[in-house]
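Source file: run.pdb (PDB, C-alpha atoms)
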MODEL        1
ATOM      1  CA  ASP A   1     108.454  67.093  59.441
ATOM      2  CA  GLN A   2     112.127  66.224  60.130
ATOM      3  CA  GLY A   3     112.377  68.675  63.054
ATOM      4  CA  VAL A   4     112.975  71.776  60.930
ATOM      5  CA  ALA A   5     111.361  75.118  61.818
ATOM      6  CA  THR A   6     110.803  77.387  58.816
ATOM      7  CA  CYS A   7     110.034  81.112  58.755
ATOM      8  CA  LEU A   8     108.255  82.298  55.601
ATOM      9  CA  ASP A   9     107.803  85.776  54.156
ATOM     10  CA  VAL A  10     104.129  86.636  54.702
ATOM     11  CA  LYS A  11     103.827  88.382  51.301
ATOM     12  CA  THR A  12     105.763  86.042  49.014
ATOM     13  CA  GLY A  13     105.725  82.718  50.853
ATOM     14  CA  GLU A  14     109.470  82.459  50.286
ATOM     15  CA  PRO A  15     111.606  81.022  53.106
ATOM     16  CA  ILE A  16     113.446  83.565  55.266
ATOM     17  CA  TRP A  17     115.231  81.001  57.430
ATOM     18  CA  GLN A  18     115.198  77.343  58.384
ATOM     19  CA  GLN A  19     116.532  75.885  61.625
ATOM     20  CA  ARG A  20     116.831  72.259  62.675
ATOM     21  CA  ILE A  21     115.312  72.015  66.152
ATOM     22  CA  GLY A  22     115.398  68.217  66.193
ATOM     23  CA  GLY A  23     112.953  65.447  66.896
ATOM     24  CA  ASN A  24     109.668  64.318  65.416
ATOM     25  CA  TYR A  25     106.531  66.365  65.937
ATOM     26  CA  SER A  26     102.911  65.263  66.296
ATOM     27  CA  ALA A  27     101.959  68.431  68.215
ATOM     28  CA  SER A  28     101.565  71.750  66.413
ATOM     29  CA  PRO A  29     103.672  74.694  67.579
ATOM     30  CA  VAL A  30     101.852  77.411  69.540
ATOM     31  CA  PHE A  31     102.444  81.151  69.960
ATOM     32  CA  ALA A  32     102.121  82.673  73.435
ATOM     33  CA  GLY A  33     103.722  85.544  75.321
ATOM     34  CA  GLY A  34     105.762  86.640  72.308
ATOM     35  CA  ASN A  35     107.363  83.211  71.778
ATOM     36  CA  ILE A  36     106.765  80.095  69.688
ATOM     37  CA  TYR A  37     106.746  76.760  71.555
ATOM     38  CA  ALA A  38     107.464  73.535  69.640
ATOM     39  CA  SER A  39     107.131  70.298  71.656
ATOM     40  CA  ASN A  40     108.363  67.013  70.183
ATOM     41  CA  GLU A  41     107.620  63.319  70.697
ATOM     42  CA  ASP A  42     110.745  62.916  72.881
ATOM     43  CA  GLY A  43     109.531  65.454  75.486
ATOM     44  CA  GLN A  44     111.651  68.393  74.356
ATOM     45  CA  THR A  45     110.138  71.857  73.982
ATOM     46  CA  THR A  46     112.104  74.403  71.975
ATOM     47  CA  VAL A  47     111.144  78.034  72.560
ATOM     48  CA  PHE A  48     112.053  80.646  69.957
ATOM     49  CA  ARG A  49     111.045  84.147  68.943
ATOM     50  CA  PRO A  50     109.303  84.963  65.675
ATOM     51  CA  GLY A  51     111.351  87.235  63.422
ATOM     52  CA  ASN A  52     113.649  87.533  60.448
ATOM     53  CA  GLU A  53     116.415  85.586  62.229
ATOM     54  CA  TYR A  54     116.182  82.443  64.342
ATOM     55  CA  GLU A  55     116.494  83.344  68.034
ATOM     56  CA  GLU A  56     116.301  80.465  70.494
ATOM     57  CA  VAL A  57     115.012  81.421  73.945
ATOM     58  CA  ALA A  58     115.129  78.057  75.753
ATOM     59  CA  VAL A  59     115.091  74.286  75.407
ATOM     60  CA  ASN A  60     113.276  72.295  78.094
ATOM     61  CA  GLN A  61     113.103  68.535  78.533
ATOM     62  CA  LEU A  62     110.417  66.411  80.212
ATOM     63  CA  GLU A  63     110.678  62.660  80.742
ATOM     64  CA  ASP A  64     107.818  61.798  78.388
ATOM     65  CA  GLY A  65     106.931  62.798  74.828
ATOM     66  CA  PHE A  66     104.282  65.165  73.500
ATOM     67  CA  MET A  67     101.614  63.866  71.141
ATOM     68  CA  ALA A  68      99.143  66.764  71.561
ATOM     69  CA  SER A  69      99.479  70.497  71.000
ATOM     70  CA  PRO A  70      99.759  72.654  74.133
ATOM     71  CA  ALA A  71      96.716  74.675  75.177
ATOM     72  CA  ILE A  72      97.112  78.310  76.249
ATOM     73  CA  ILE A  73      94.861  79.661  79.014
ATOM     74  CA  GLY A  74      95.744  83.196  80.126
ATOM     75  CA  ASN A  75      99.351  83.064  81.384
ATOM     76  CA  ALA A  76      99.328  79.261  81.615
ATOM     77  CA  MET A  77     100.282  76.537  79.172
ATOM     78  CA  ILE A  78      98.696  73.101  79.539
ATOM     79  CA  LEU A  79     100.957  70.301  78.283
ATOM     80  CA  ARG A  80      99.860  66.690  77.835
ATOM     81  CA  THR A  81     102.510  64.015  77.531
ATOM     82  CA  ARG A  82     101.935  60.298  77.054
ATOM     83  CA  SER A  83     101.545  59.816  80.823
ATOM     84  CA  ALA A  84     100.806  63.166  82.514
ATOM     85  CA  VAL A  85      99.258  66.616  82.215
ATOM     86  CA  TYR A  86     101.297  69.676  83.253
ATOM     87  CA  ARG A  87     100.347  73.289  83.869
ATOM     88  CA  VAL A  88     103.196  75.771  83.412
ATOM     89  CA  GLU A  89     102.376  79.341  84.360
ATOM     90  CA  ASN A  90     104.099  82.711  84.353
ATOM     91  CA  LYS A  91     102.937  84.406  87.551
ATOM     92  CA  ASN A  92     104.759  87.700  86.855
TER      93      ASN A  92
ENDMDL
END

Since I need it in another form, could you write the structure as structure tokens?
Amino acid sequence: DQGVATCLDVKTGEPIWQQRIGGNYSASPVFAGGNIYASNEDGQTTVFRPGNEYEEVAVNQLEDGFMASPAIIGNAMILRTRSAVYRVENKN
């Protein structure tokens, strides 16, 4: 996977953009609240918007790596690292 996010044209399958977001990924990216969340094995989550250009929203770091895809429940995201489970929620 080499830590590269790729946006493809839905009609042609041709790449629109590629962006190195770093790290190795066992977890699949998820879409929630208008953003894409990609969490890597080093504990970093890169948040970016879908679209014709790469737009990074945030990069967050936890102490432990992600091996499982996040689960979305309403306004909450459940994250499992190697040693803990986290619930992150937007209460707005």

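The nearest approach to Phe66 of chain A among the residues A:Thr81, A:Asn24, A:Asn90, A:Gln2, with only C-alpha atoms taken into account, belongs to A:Thr81.
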
Ground truth for the PyMOL selection byres ((chain A and resi 88) around 7), written as a ChimeraX atom specification: /A:76-78,86-87,89

Quick check on the file I pasted: which residues fall under the PyMOL selection byres ((chain A and resi 44-59) around 8)? Write them as a short mmCIF file (atom, residue, chain, number, x, y, z; two decimals) with C-alpha atoms, in the coordinates of the input.
data_model
loop_
_atom_site.label_atom_id
_atom_site.label_comp_id
_atom_site.auth_asym_id
_atom_site.auth_seq_id
_atom_site.Cartn_x
_atom_site.Cartn_y
_atom_site.Cartn_z
CA CYS A 7 110.03 81.11 58.76
CA ILE A 16 113.45 83.56 55.27
CA TRP A 17 115.23 81.00 57.43
CA GLN A 18 115.20 77.34 58.38
CA GLN A 19 116.53 75.89 61.62
CA ILE A 21 115.31 72.02 66.15
CA GLY A 34 105.76 86.64 72.31
CA ASN A 35 107.36 83.21 71.78
CA ILE A 36 106.76 80.10 69.69
CA TYR A 37 106.75 76.76 71.56
CA ALA A 38 107.46 73.54 69.64
CA SER A 39 107.13 70.30 71.66
CA ASN A 40 108.36 67.01 70.18
CA GLU A 41 107.62 63.32 70.70
CA ASP A 42 110.74 62.92 72.88
CA GLY A 43 109.53 65.45 75.49
CA ASN A 60 113.28 72.30 78.09
CA GLN A 61 113.10 68.54 78.53
CA LEU A 62 110.42 66.41 80.21
CA GLY A 65 106.93 62.80 74.83
#

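Taking atom CA of Pro70 of chain A and atom CA of Glu14 of chain A as endpoints, the distance between them is 27.6 Å.
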
Atom CA of Val4 of chain A to atom CA of Gly22 of chain A, straight-line distance in Å: 6.8 Å

Atomic distance atom CA of Ser83 of chain A - atom CA of Ala27 of chain A, expressed in Å with one decimal: 15.3 Å

May I have the centre and edge lengths, in Å to one decimal, of an axis-aligned box around the listed atoms of segment 61-76 of chain A with 5 Å added to every side, as lines of an AutoDock Vina configuration file?
center_x = 104.0
center_y = 72.5
center_z = 76.3
size_x = 28.2
size_y = 31.4
size_z = 20.6
